[in-house]
Amino acid sequence: MRRKVIFEHKLLPYLLLAPQLAITLVFFIWPSVQAMWMSLLREDMFGLSSTFVGLENYVRVLSDPGYVAAVRRTVVFSVAVALLALLPALLLAVMVDKLTRRVATYRVILVLPYAIAPAIAGVLWLFMFNPSVGIVAAGIRGLGFAWNPKLDGQDAMILVILASAWKQISYNFLFFLAGLQAIPKSLLEAAAIDGAGEWRRFRTIVLPLLSPVTFFLVTVNVVYAFFDTFGVIHAVTQGGPAKATEVLVYKAWYDGIIATDFGISSAQSVILMAVVIALTAIQFRFIDRKVTY
Amino acid sequence: MATIDIRGVRKSYGATEVIRGIDCAVADGELLVLLGPSGCGKSTLLRMVAGLERITEGEIAIAGRVVNALEPKDRNIAMVFQNYALYPHMSVYDNMAYGLRIKGMSRAAIDAAVQKAAATLELTPFLARKPKELSGGQRQRVAMGRAIVREPDVFLFDEPLSNLDAKLRTQMRVEIKKLQGRLGVTSLYVTHDQVEAMTLADRIVVMHAGAAEQIGTPMEIYARPASVFVGGFIGSPPMNMLPAEVAADGAALTLAGGVQLPLGQSLGAEHRGRPVTLGIRPEHLHPGAEAPGALPALVDLVEALGADTVVHARLPGGAALLCRLPGDSAVARGARLALHPAPGALHLFDPASGRRLPEG
Ligand SMILES: Nc1ncnc2c1ncn2[C@@H]1O[C@H](COP(=O)(O)OP(=O)(O)OP(=O)(O)O)[C@@H](O)[C@H]1O
Ligand SMILES: [Mg+2]
């Protein structure tokens, strides 16, 4: 028998929710509404007055070749980050899952990068790959490759992709490991008795059973690459050289804070917000359909 | 000719030894049951035969071939797990076809094999369903189907019925027995349920703390338990165990309350005057007239179960005694009974080792 929880006081549930609602309101809803409003305004050169211009900012953003280039860059960046954050995480999780002892130790070590602030992680990678003092950069040059992320846009892109992916591996690892550990061992034993070798078991049993986790992580990682990589990029390349690493979120920030074109910046933010909402909606759709096999 | 030979097998996890030297053989087409209480190592032994656990010491041979170093897939076995271990993302059909596809059989041959197994197990209407859309009994049958389509040398069962309700369990027990008999596949079957073991087994291995206490047919084990443990484990309600002493002439026992019980045989000189443990099954005690050689018991409690009546009684020395009478017996609490052991129903065990005394 299940009893419904009934609150005696009408006010109590609202009081309990209040802190969370207040935070959401102040830090999320309010700025979002403000961004939406600002994206419809245009300030004069000196920032003294603003006029309502309707969707003009959006038209300007979408017809700007620089913006289109940033979209393309962001797609490449996000796909690369998601892949490089997911595949090694899966590999590590599979290996740790096979261990019977010291699982906790490995788990802690592998989760550490997640606890590092993005800016610090960025600086770490900046140092390691610094063309003049970086130890990894020296190694790469030792192998005969020209390496200079300060001048070469492609090198810079590789660097921010690696740094961003590295930070996300821990998170993915934890989810993959939990997902793997939730698969009953007897399923794999049954498959082994049915004649499946290790790779086949992985392909036909583990991967399908892991698919809900994978779908979830793909969305989370793409959203991460879209937004949370700002700190890393800001610390490593500042979007340079020559805008080679300027992804959408960085461009929105740059156009607003550095170029102080708030209308344009807000329009970009609203577009990004729409993208995330769309991704999340897709995610929920998939979870509804795919989680239950 | 698929036989299973288990020779001097031991298994340790670190310093703890969980299988302590087991020897037994399963003949071709035989169904051997591993029976024992929880934690005695039944599953571990079965999993060593399956190749899911490494063998610490000793040798296991299937169809005459030592398999110690072989992967499960190279042993040509099929196993039914307690939780069925059906692949949740595959249909019933794919669950059964999985092993055949790996073997590389043709599509037509796979279909024929799956359809045949499904027909045998009455699973045909469910072939397109996922395991979660089946009842417990149907899932159990799918697990059986997955085992039989592969036509293995050996079936291994690890408590395949323990997740079913009592009625279904009885029904499936019969079906497994029939199926195994018809297919004639050598089988090793793990259970902790003695009724299941008695009804299914050609022979039973009674396991206790990682060792085989007794190996024999169900009736042998029931009629001549090799130890106090086996006597107490097989039979329901369990065998009464009473402390006693062999009389000086070796032909009678003295029970705790001074009751004398003639043995109907004379024990060897080495037992005379020594303590023994007397085992009597509750169903081998029959009320009768007061007479020498009958146990005078005071009834404490009567459990009327319909077909039987189980009487909880006490002997003069205070020892508790169970007695199983026909269901129509009118026995009341507080009544005095003179219980006559059936001829040849006295089991004598060495109280120190718990082993059965050799019959003279
Ligand atoms: N991986 C392991 N590491 C250490 N000890 C283990 C391991 N697996 C099993 N054991 C121990 O081995 C003993 C035998 O276990 P096993 O699973 O074979 O028992 P069982 O007879 O099948 O019991 P049940 O009827 O409860 O299934 C138990 O005492 C258990 O604690
Ligand atoms: Mg077990």
# chains A, B, ... in the order shown; residues from 1 in each chain; ligands from 1

$ interface_residues --of "chain B" --to "chain A" --cutoff "6 Å" --atoms "only C-alpha atoms" --output "ChimeraX atom specification"
/B:72-73,85,89,99

$ residues_around --residues "stretch 338-347 of chain B" --least-positions-apart "6" --cutoff "6 Å" --atoms "only C-alpha atoms" --output "ChimeraX atom specification"
/B:278-280,284-288,290,294-296

$ write_last_selection --atoms "N, CA and C atoms" --output "mmCIF file, in the first residue's frame"
data_model
loop_
_atom_site.group_PDB
_atom_site.id
_atom_site.type_symbol
_atom_site.label_atom_id
_atom_site.label_comp_id
_atom_site.auth_asym_id
_atom_site.auth_seq_id
_atom_site.Cartn_x
_atom_site.Cartn_y
_atom_site.Cartn_z
ATOM 1 N N LEU B 278 21.790 -41.249 17.675
ATOM 2 C CA LEU B 278 20.758 -42.070 17.055
ATOM 3 C C LEU B 278 19.901 -41.191 16.153
ATOM 4 N N GLY B 279 19.731 -41.624 14.901
ATOM 5 C CA GLY B 279 18.852 -40.896 13.988
ATOM 6 C C GLY B 279 17.607 -41.709 13.689
ATOM 7 N N ILE B 280 16.442 -41.085 13.840
ATOM 8 C CA ILE B 280 15.175 -41.745 13.455
ATOM 9 C C ILE B 280 14.345 -40.737 12.672
ATOM 10 N N HIS B 284 9.131 -42.660 10.531
ATOM 11 C CA HIS B 284 9.382 -44.044 10.919
ATOM 12 C C HIS B 284 9.027 -44.325 12.375
ATOM 13 N N LEU B 285 8.290 -43.428 12.986
ATOM 14 C CA LEU B 285 7.833 -43.640 14.353
ATOM 15 C C LEU B 285 6.328 -43.873 14.315
ATOM 16 N N HIS B 286 5.899 -44.999 14.856
ATOM 17 C CA HIS B 286 4.467 -45.308 14.814
ATOM 18 C C HIS B 286 3.936 -45.500 16.218
ATOM 19 N N PRO B 287 2.835 -44.840 16.567
ATOM 20 C CA PRO B 287 2.291 -45.012 17.913
ATOM 21 C C PRO B 287 1.708 -46.410 18.084
ATOM 22 N N GLY B 288 1.870 -46.964 19.246
ATOM 23 C CA GLY B 288 1.351 -48.305 19.504
ATOM 24 C C GLY B 288 1.172 -48.491 20.998
ATOM 25 N N GLU B 290 2.107 -49.493 24.870
ATOM 26 C CA GLU B 290 3.284 -49.405 25.726
ATOM 27 C C GLU B 290 3.992 -50.749 25.726
ATOM 28 N N ALA B 294 9.651 -49.244 22.949
ATOM 29 C CA ALA B 294 8.898 -48.104 22.415
ATOM 30 C C ALA B 294 9.356 -46.848 23.142
ATOM 31 N N LEU B 295 9.299 -45.709 22.446
ATOM 32 C CA LEU B 295 9.721 -44.450 23.060
ATOM 33 C C LEU B 295 8.507 -43.783 23.695
ATOM 34 N N PRO B 296 8.524 -43.566 25.029
ATOM 35 C CA PRO B 296 7.402 -42.896 25.680
ATOM 36 C C PRO B 296 7.518 -41.393 25.480
#

$ residues_around --residues "stretch 230-237 of chain B" --least-positions-apart "6" --cutoff "8 Å" --atoms "only C-alpha atoms" --output "list in words"
Gly36, Gln194, Val206, Glu213, Gln214, Ile221, Tyr222, Gly279, Arg281, Pro282, Leu322 and Arg324 of chain B

$ write_last_selection --atoms "all heavy atoms" --output "mmCIF file, in the first residue's frame"
data_model
loop_
_atom_site.group_PDB
_atom_site.id
_atom_site.type_symbol
_atom_site.label_atom_id
_atom_site.label_comp_id
_atom_site.auth_asym_id
_atom_site.auth_seq_id
_atom_site.Cartn_x
_atom_site.Cartn_y
_atom_site.Cartn_z
ATOM 1 N N GLY B 36 22.875 -28.864 -1.417
ATOM 2 C CA GLY B 36 23.533 -28.461 -0.175
ATOM 3 C C GLY B 36 22.987 -27.132 0.277
ATOM 4 O O GLY B 36 22.291 -26.453 -0.476
ATOM 5 N N GLN B 194 15.698 -29.838 -1.298
ATOM 6 C CA GLN B 194 15.852 -31.291 -1.290
ATOM 7 C C GLN B 194 14.754 -32.007 -2.057
ATOM 8 O O GLN B 194 14.994 -33.052 -2.657
ATOM 9 C CB GLN B 194 15.929 -31.810 0.142
ATOM 10 C CG GLN B 194 14.859 -31.243 1.021
ATOM 11 C CD GLN B 194 14.310 -32.269 1.946
ATOM 12 O OE1 GLN B 194 14.378 -33.453 1.692
ATOM 13 N NE2 GLN B 194 13.755 -31.806 3.054
ATOM 14 N N VAL B 206 25.440 -34.730 -2.062
ATOM 15 C CA VAL B 206 25.101 -33.822 -0.964
ATOM 16 C C VAL B 206 26.378 -33.114 -0.551
ATOM 17 O O VAL B 206 27.358 -33.749 -0.176
ATOM 18 C CB VAL B 206 24.497 -34.575 0.236
ATOM 19 C CG1 VAL B 206 24.088 -33.583 1.319
ATOM 20 C CG2 VAL B 206 23.303 -35.397 -0.200
ATOM 21 N N GLU B 213 29.534 -34.766 0.972
ATOM 22 C CA GLU B 213 29.265 -35.622 2.136
ATOM 23 C C GLU B 213 28.855 -37.015 1.699
ATOM 24 O O GLU B 213 29.200 -37.991 2.341
ATOM 25 C CB GLU B 213 28.130 -35.039 2.979
ATOM 26 C CG GLU B 213 28.485 -33.825 3.779
ATOM 27 C CD GLU B 213 29.049 -34.164 5.162
ATOM 28 O OE1 GLU B 213 28.512 -35.042 5.867
ATOM 29 O OE2 GLU B 213 30.042 -33.518 5.505
ATOM 30 N N GLN B 214 28.060 -37.082 0.629
ATOM 31 C CA GLN B 214 27.571 -38.381 0.174
ATOM 32 C C GLN B 214 27.156 -38.275 -1.285
ATOM 33 O O GLN B 214 26.628 -37.256 -1.721
ATOM 34 C CB GLN B 214 26.357 -38.813 1.016
ATOM 35 C CG GLN B 214 25.875 -40.219 0.681
ATOM 36 C CD GLN B 214 24.828 -40.727 1.655
ATOM 37 O OE1 GLN B 214 24.321 -39.978 2.485
ATOM 38 N NE2 GLN B 214 24.492 -42.008 1.544
ATOM 39 N N ILE B 221 20.368 -42.243 -0.460
ATOM 40 C CA ILE B 221 20.696 -41.157 0.453
ATOM 41 C C ILE B 221 19.634 -41.032 1.534
ATOM 42 O O ILE B 221 19.924 -40.773 2.702
ATOM 43 C CB ILE B 221 20.888 -39.852 -0.341
ATOM 44 C CG1 ILE B 221 22.206 -39.944 -1.096
ATOM 45 C CG2 ILE B 221 20.854 -38.640 0.575
ATOM 46 C CD1 ILE B 221 22.514 -38.780 -1.960
ATOM 47 N N TYR B 222 18.382 -41.270 1.136
ATOM 48 C CA TYR B 222 17.297 -41.209 2.117
ATOM 49 C C TYR B 222 17.390 -42.386 3.084
ATOM 50 O O TYR B 222 17.249 -42.222 4.300
ATOM 51 C CB TYR B 222 15.958 -41.230 1.376
ATOM 52 C CG TYR B 222 14.760 -41.302 2.281
ATOM 53 C CD1 TYR B 222 14.274 -40.153 2.901
ATOM 54 C CD2 TYR B 222 14.126 -42.514 2.522
ATOM 55 C CE1 TYR B 222 13.177 -40.218 3.729
ATOM 56 C CE2 TYR B 222 13.025 -42.581 3.357
ATOM 57 C CZ TYR B 222 12.559 -41.428 3.962
ATOM 58 O OH TYR B 222 11.478 -41.492 4.790
ATOM 59 N N GLY B 279 19.731 -41.624 14.901
ATOM 60 C CA GLY B 279 18.852 -40.896 13.988
ATOM 61 C C GLY B 279 17.607 -41.709 13.689
ATOM 62 O O GLY B 279 17.712 -42.894 13.371
ATOM 63 N N ARG B 281 13.884 -41.142 11.514
ATOM 64 C CA ARG B 281 13.039 -40.232 10.732
ATOM 65 C C ARG B 281 11.655 -40.120 11.367
ATOM 66 O O ARG B 281 11.114 -41.127 11.856
ATOM 67 C CB ARG B 281 12.904 -40.739 9.307
ATOM 68 C CG ARG B 281 14.218 -40.696 8.561
ATOM 69 C CD ARG B 281 14.006 -40.690 7.071
ATOM 70 N NE ARG B 281 15.299 -40.662 6.401
ATOM 71 C CZ ARG B 281 15.997 -39.554 6.189
ATOM 72 N NH1 ARG B 281 15.537 -38.386 6.593
ATOM 73 N NH2 ARG B 281 17.165 -39.615 5.571
ATOM 74 N N PRO B 282 11.070 -38.930 11.325
ATOM 75 C CA PRO B 282 9.744 -38.725 11.932
ATOM 76 C C PRO B 282 8.697 -39.666 11.349
ATOM 77 O O PRO B 282 7.785 -40.086 12.067
ATOM 78 C CB PRO B 282 9.409 -37.276 11.569
ATOM 79 C CG PRO B 282 10.723 -36.630 11.327
ATOM 80 C CD PRO B 282 11.634 -37.694 10.795
ATOM 81 N N LEU B 322 10.335 -35.317 16.735
ATOM 82 C CA LEU B 322 9.284 -35.058 15.762
ATOM 83 C C LEU B 322 8.760 -36.380 15.260
ATOM 84 O O LEU B 322 9.513 -37.346 15.128
ATOM 85 C CB LEU B 322 9.827 -34.278 14.565
ATOM 86 C CG LEU B 322 10.136 -32.800 14.777
ATOM 87 C CD1 LEU B 322 10.669 -32.214 13.495
ATOM 88 C CD2 LEU B 322 8.883 -32.085 15.214
ATOM 89 N N ARG B 324 5.883 -38.013 12.347
ATOM 90 C CA ARG B 324 4.929 -37.695 11.288
ATOM 91 C C ARG B 324 3.902 -38.807 11.193
ATOM 92 O O ARG B 324 4.245 -39.953 10.929
ATOM 93 C CB ARG B 324 5.678 -37.549 9.976
ATOM 94 C CG ARG B 324 4.799 -37.036 8.876
ATOM 95 C CD ARG B 324 5.650 -36.462 7.793
ATOM 96 N NE ARG B 324 5.401 -37.165 6.558
ATOM 97 C CZ ARG B 324 6.097 -36.947 5.462
ATOM 98 N NH1 ARG B 324 7.116 -36.096 5.473
ATOM 99 N NH2 ARG B 324 5.804 -37.592 4.372
#

$ select_by_dssp --residues "stretch 223-285 of chain B" --states "alpha helix (DSSP H)" --output "PyMOL selection string"
chain B and resi 223+228-233

$ residues_around --residues "B:Arg129" --least-positions-apart "6" --cutoff "9 Å" --atoms "only C-alpha atoms" --output "list in words"
Met90, Ser91, Val92 and Tyr93 of chain B

$ write_last_selection --atoms "N, CA, C and O atoms" --output "mmCIF file, in the first residue's frame"
data_model
loop_
_atom_site.group_PDB
_atom_site.id
_atom_site.type_symbol
_atom_site.label_atom_id
_atom_site.label_comp_id
_atom_site.auth_asym_id
_atom_site.auth_seq_id
_atom_site.Cartn_x
_atom_site.Cartn_y
_atom_site.Cartn_z
ATOM 1 N N MET B 90 17.230 -8.121 -26.602
ATOM 2 C CA MET B 90 16.954 -8.981 -27.756
ATOM 3 C C MET B 90 15.600 -9.670 -27.575
ATOM 4 O O MET B 90 15.180 -9.954 -26.452
ATOM 5 N N SER B 91 14.965 -9.971 -28.694
ATOM 6 C CA SER B 91 13.704 -10.708 -28.637
ATOM 7 C C SER B 91 13.977 -12.138 -28.180
ATOM 8 O O SER B 91 15.129 -12.585 -28.141
ATOM 9 N N VAL B 92 12.918 -12.843 -27.846
ATOM 10 C CA VAL B 92 13.042 -14.241 -27.457
ATOM 11 C C VAL B 92 13.753 -15.021 -28.561
ATOM 12 O O VAL B 92 14.668 -15.817 -28.313
ATOM 13 N N TYR B 93 13.354 -14.727 -29.790
ATOM 14 C CA TYR B 93 13.964 -15.410 -30.937
ATOM 15 C C TYR B 93 15.477 -15.168 -30.965
ATOM 16 O O TYR B 93 16.274 -16.108 -31.047
#

$ residues_around --residues "B:Pro243" --least-positions-apart "2" --cutoff "9 Å" --atoms "only C-alpha atoms" --output "ChimeraX atom specification"
/B:241,245,254-256,275-279,319,351

$ write_last_selection --atoms "N, CA and C atoms" --output "PDB file, in the first residue's frame"
ATOM      1  N   MET B 241      17.600 -36.470  15.843  1.00  0.00           N
ATOM      2  CA  MET B 241      18.935 -36.894  16.266  1.00  0.00           C
ATOM      3  C   MET B 241      18.960 -36.910  17.795  1.00  0.00           C
ATOM      4  N   GLU B 245      23.673 -44.097  24.222  1.00  0.00           N
ATOM      5  CA  GLU B 245      24.872 -44.847  24.568  1.00  0.00           C
ATOM      6  C   GLU B 245      24.617 -46.318  24.244  1.00  0.00           C
ATOM      7  N   THR B 254      20.876 -46.977  25.186  1.00  0.00           N
ATOM      8  CA  THR B 254      20.265 -46.290  26.307  1.00  0.00           C
ATOM      9  C   THR B 254      20.167 -44.818  25.930  1.00  0.00           C
ATOM     10  N   LEU B 255      18.937 -44.298  25.874  1.00  0.00           N
ATOM     11  CA  LEU B 255      18.747 -42.881  25.548  1.00  0.00           C
ATOM     12  C   LEU B 255      18.905 -42.036  26.797  1.00  0.00           C
ATOM     13  N   ALA B 256      18.919 -40.728  26.610  1.00  0.00           N
ATOM     14  CA  ALA B 256      19.198 -39.796  27.699  1.00  0.00           C
ATOM     15  C   ALA B 256      18.299 -40.020  28.913  1.00  0.00           C
ATOM     16  N   PRO B 275      29.302 -43.572  23.483  1.00  0.00           N
ATOM     17  CA  PRO B 275      28.186 -42.722  23.053  1.00  0.00           C
ATOM     18  C   PRO B 275      27.995 -42.792  21.535  1.00  0.00           C
ATOM     19  N   VAL B 276      26.746 -42.703  21.091  1.00  0.00           N
ATOM     20  CA  VAL B 276      26.444 -42.625  19.657  1.00  0.00           C
ATOM     21  C   VAL B 276      25.346 -41.576  19.472  1.00  0.00           C
ATOM     22  N   THR B 277      25.166 -41.160  18.210  1.00  0.00           N
ATOM     23  CA  THR B 277      24.011 -40.331  17.879  1.00  0.00           C
ATOM     24  C   THR B 277      23.030 -41.223  17.146  1.00  0.00           C
ATOM     25  N   LEU B 278      21.790 -41.249  17.675  1.00  0.00           N
ATOM     26  CA  LEU B 278      20.758 -42.070  17.055  1.00  0.00           C
ATOM     27  C   LEU B 278      19.901 -41.191  16.153  1.00  0.00           C
ATOM     28  N   GLY B 279      19.731 -41.624  14.901  1.00  0.00           N
ATOM     29  CA  GLY B 279      18.852 -40.896  13.988  1.00  0.00           C
ATOM     30  C   GLY B 279      17.607 -41.709  13.689  1.00  0.00           C
ATOM     31  N   ALA B 319      14.601 -34.588  25.586  1.00  0.00           N
ATOM     32  CA  ALA B 319      14.958 -34.447  24.179  1.00  0.00           C
ATOM     33  C   ALA B 319      13.703 -34.285  23.326  1.00  0.00           C
ATOM     34  N   PRO B 351      29.255 -39.681  17.234  1.00  0.00           N
ATOM     35  CA  PRO B 351      28.995 -38.291  17.655  1.00  0.00           C
ATOM     36  C   PRO B 351      30.182 -37.367  17.405  1.00  0.00           C
TER      37      PRO B 351
END

$ closest_atom_pairs --of "chain B" --to "ligand 2" --cutoff "7 Å" --atoms "only C-alpha atoms and all ligand atoms" --output "Markdown table"
| residue | atom | partner | partner_atom_place_in_ligand_line | distance |
| --- | --- | --- | --- | --- |
| B:Ser38 | CA | ligand 2 | 1 (Mg) | 6.9 |
| B:Gly39 | CA | ligand 2 | 1 (Mg) | 7.0 |
| B:Lys42 | CA | ligand 2 | 1 (Mg) | 5.8 |
| B:Ser43 | CA | ligand 2 | 1 (Mg) | 4.1 |
| B:Asp158 | CA | ligand 2 | 1 (Mg) | 6.6 |

$ write_last_selection --atoms "N, CA, C and O atoms" --output "PDB file, in the first residue's frame"
ATOM      1  N   SER B  38      22.920 -23.129   1.556  1.00  0.00           N
ATOM      2  CA  SER B  38      23.482 -21.918   0.973  1.00  0.00           C
ATOM      3  C   SER B  38      24.943 -21.741   1.400  1.00  0.00           C
ATOM      4  O   SER B  38      25.282 -21.946   2.554  1.00  0.00           O
ATOM      5  N   GLY B  39      25.794 -21.411   0.439  1.00  0.00           N
ATOM      6  CA  GLY B  39      27.182 -21.118   0.745  1.00  0.00           C
ATOM      7  C   GLY B  39      28.084 -22.333   0.808  1.00  0.00           C
ATOM      8  O   GLY B  39      29.262 -22.215   1.149  1.00  0.00           O
ATOM      9  N   LYS B  42      28.148 -25.029  -4.090  1.00  0.00           N
ATOM     10  CA  LYS B  42      27.529 -25.678  -5.254  1.00  0.00           C
ATOM     11  C   LYS B  42      27.744 -24.871  -6.520  1.00  0.00           C
ATOM     12  O   LYS B  42      28.198 -25.384  -7.542  1.00  0.00           O
ATOM     13  N   SER B  43      27.413 -23.585  -6.439  1.00  0.00           N
ATOM     14  CA  SER B  43      27.542 -22.746  -7.632  1.00  0.00           C
ATOM     15  C   SER B  43      28.984 -22.672  -8.072  1.00  0.00           C
ATOM     16  O   SER B  43      29.287 -22.699  -9.258  1.00  0.00           O
ATOM     17  N   ASP B 158      21.927 -23.760 -12.626  1.00  0.00           N
ATOM     18  CA  ASP B 158      22.188 -23.207 -11.297  1.00  0.00           C
ATOM     19  C   ASP B 158      20.879 -22.693 -10.710  1.00  0.00           C
ATOM     20  O   ASP B 158      20.442 -21.591 -11.009  1.00  0.00           O
TER      21      ASP B 158
END

$ residues_near_ligand --ligand "ligand 1" --cutoff "8 Å" --atoms "only C-alpha atoms and all ligand atoms" --output "JSON, numbers by chain"
{"B": [12, 13, 14, 16, 17, 18, 19, 36, 37, 38, 39, 40, 41, 42, 43, 44, 45, 46, 158, 159, 190, 191, 192, 210]}

$ write_last_selection --atoms "N, CA, C and O atoms" --output "CSV table (one decimal), in the first residue's frame"
chain,number,residue,atom,x,y,z
B,12,SER,N,40.1,-22.1,-4.1
B,12,SER,CA,40.3,-21.1,-3.1
B,12,SER,C,40.2,-19.7,-3.6
B,12,SER,O,40.5,-19.4,-4.7
B,13,TYR,N,39.6,-18.9,-2.8
B,13,TYR,CA,39.6,-17.4,-3.0
B,13,TYR,C,40.6,-16.8,-2.0
B,13,TYR,O,40.3,-16.8,-0.9
B,14,GLY,N,41.8,-16.5,-2.5
B,14,GLY,CA,42.8,-16.0,-1.6
B,14,GLY,C,43.1,-17.1,-0.6
B,14,GLY,O,43.4,-18.3,-1.0
B,16,THR,N,40.9,-18.4,1.6
B,16,THR,CA,39.8,-19.2,2.0
B,16,THR,C,39.5,-20.3,1.0
B,16,THR,O,39.3,-20.0,-0.2
B,17,GLU,N,39.4,-21.5,1.4
B,17,GLU,CA,39.2,-22.6,0.5
B,17,GLU,C,37.7,-22.9,0.6
B,17,GLU,O,37.1,-23.1,1.6
B,18,VAL,N,37.0,-22.8,-0.6
B,18,VAL,CA,35.6,-23.0,-0.6
B,18,VAL,C,35.2,-24.3,-1.2
B,18,VAL,O,34.1,-24.8,-0.9
B,19,ILE,N,36.0,-24.9,-2.0
B,19,ILE,CA,35.8,-26.3,-2.5
B,19,ILE,C,37.0,-27.1,-2.0
B,19,ILE,O,38.1,-26.8,-2.4
B,36,GLY,N,22.9,-28.9,-1.4
B,36,GLY,CA,23.5,-28.5,-0.2
B,36,GLY,C,23.0,-27.1,0.3
B,36,GLY,O,22.3,-26.5,-0.5
B,37,PRO,N,23.3,-26.7,1.5
B,37,PRO,CA,22.8,-25.5,2.0
B,37,PRO,C,23.5,-24.3,1.4
B,37,PRO,O,24.5,-24.5,0.7
B,38,SER,N,22.9,-23.1,1.6
B,38,SER,CA,23.5,-21.9,1.0
B,38,SER,C,24.9,-21.7,1.4
B,38,SER,O,25.3,-21.9,2.6
B,39,GLY,N,25.8,-21.4,0.4
B,39,GLY,CA,27.2,-21.1,0.7
B,39,GLY,C,28.1,-22.3,0.8
B,39,GLY,O,29.3,-22.2,1.1
B,40,CYS,N,27.6,-23.5,0.5
B,40,CYS,CA,28.4,-24.7,0.6
B,40,CYS,C,29.3,-24.9,-0.6
B,40,CYS,O,30.2,-25.8,-0.6
B,41,GLY,N,29.1,-24.1,-1.7
B,41,GLY,CA,30.0,-24.2,-2.8
B,41,GLY,C,29.5,-24.8,-4.0
B,41,GLY,O,30.2,-25.1,-5.0
B,42,LYS,N,28.1,-25.0,-4.1
B,42,LYS,CA,27.5,-25.7,-5.3
B,42,LYS,C,27.7,-24.9,-6.5
B,42,LYS,O,28.2,-25.4,-7.5
B,43,SER,N,27.4,-23.6,-6.4
B,43,SER,CA,27.5,-22.7,-7.6
B,43,SER,C,29.0,-22.7,-8.1
B,43,SER,O,29.3,-22.7,-9.3
B,44,THR,N,29.9,-22.6,-7.1
B,44,THR,CA,31.3,-22.5,-7.4
B,44,THR,C,31.7,-23.7,-8.2
B,44,THR,O,32.4,-23.6,-9.2
B,45,LEU,N,31.3,-24.9,-7.8
B,45,LEU,CA,31.7,-26.1,-8.5
B,45,LEU,C,31.1,-26.1,-9.9
B,45,LEU,O,31.8,-26.4,-10.9
B,46,LEU,N,29.9,-25.7,-10.0
B,46,LEU,CA,29.2,-25.7,-11.3
B,46,LEU,C,29.9,-24.7,-12.2
B,46,LEU,O,30.1,-25.0,-13.4
B,158,ASP,N,21.9,-23.8,-12.6
B,158,ASP,CA,22.2,-23.2,-11.3
B,158,ASP,C,20.9,-22.7,-10.7
B,158,ASP,O,20.4,-21.6,-11.0
B,159,GLU,N,20.2,-23.5,-9.9
B,159,GLU,CA,19.0,-23.1,-9.3
B,159,GLU,C,18.0,-22.5,-10.2
B,159,GLU,O,17.6,-21.4,-10.0
B,190,VAL,N,22.2,-27.7,-9.9
B,190,VAL,CA,22.4,-27.2,-8.6
B,190,VAL,C,21.1,-26.8,-7.9
B,190,VAL,O,20.3,-26.1,-8.5
B,191,THR,N,20.9,-27.2,-6.7
B,191,THR,CA,19.7,-26.7,-6.0
B,191,THR,C,20.0,-26.8,-4.5
B,191,THR,O,20.9,-27.6,-4.0
B,192,HIS,N,19.3,-26.0,-3.7
B,192,HIS,CA,19.3,-26.2,-2.2
B,192,HIS,C,18.0,-26.8,-1.7
B,192,HIS,O,17.8,-27.0,-0.5
B,210,GLY,N,31.9,-27.2,1.3
B,210,GLY,CA,32.9,-27.4,0.2
B,210,GLY,C,33.3,-28.8,0.0
B,210,GLY,O,34.3,-29.0,-0.8

$ residues_around --residues "B:Gly258" --least-positions-apart "6" --cutoff "10 Å" --atoms "only C-alpha atoms" --output "PyMOL selection string"
chain B and resi 244-245+315-317

$ residues_around --residues "stretch 265-275 of chain A" --least-positions-apart "5" --cutoff "12 Å" --atoms "only C-alpha atoms" --output "number ranges by chain"
A: 28-29, 31-43, 53-62, 64, 67-68, 70-71, 74, 219, 222-223, 225-227, 247-260, 280-282

$ closest_residue --among "A:Ala22, A:Leu90, A:Gln154, A:Ser50" --to "A:Val206" --atoms "only C-alpha atoms"
A:Leu90

$ atom_distance --atom1 "atom CA of B:Ser187" --atom2 "atom CA of B:Leu156"
5.8 Å

$ closest_residue --among "A:Leu207, A:Arg285, A:Ile161, A:Ala182" --to "A:Leu83" --atoms "only C-alpha atoms"
A:Ile161

$ atom_distance --atom1 "atom CA of B:Leu200" --atom2 "atom CA of B:Arg173"
7.1 Å

$ closest_atom_pairs --of "stretch 45-107 of chain A" --to "stretch 170-181 of chain A" --cutoff "8 Å" --atoms "only C-alpha atoms" --output "tab-separated table"
residue	atom	partner	partner_atom	distance
A:Ala85	CA	A:Asn172	CA	7.1
A:Leu86	CA	A:Asn172	CA	6.3
A:Ala89	CA	A:Phe173	CA	4.5
A:Leu90	CA	A:Phe176	CA	6.0
A:Leu92	CA	A:Phe173	CA	6.8
A:Ala93	CA	A:Leu177	CA	4.8
A:Val94	CA	A:Leu177	CA	7.1
A:Val96	CA	A:Leu177	CA	7.6
A:Asp97	CA	A:Leu177	CA	6.5
A:Arg107	CA	A:Leu174	CA	7.7

$ atom_distance --atom1 "atom CA of B:Glu359" --atom2 "atom CA of B:Leu267"
7.9 Å

$ select_by_dssp --residues "stretch 67-300 of chain B" --states "strand (DSSP E)" --output "ChimeraX atom specification"
/B:77-80,154-158,186-191,203-208,211-216,240-246,252-255,260-262,275-280,285-288,295-300
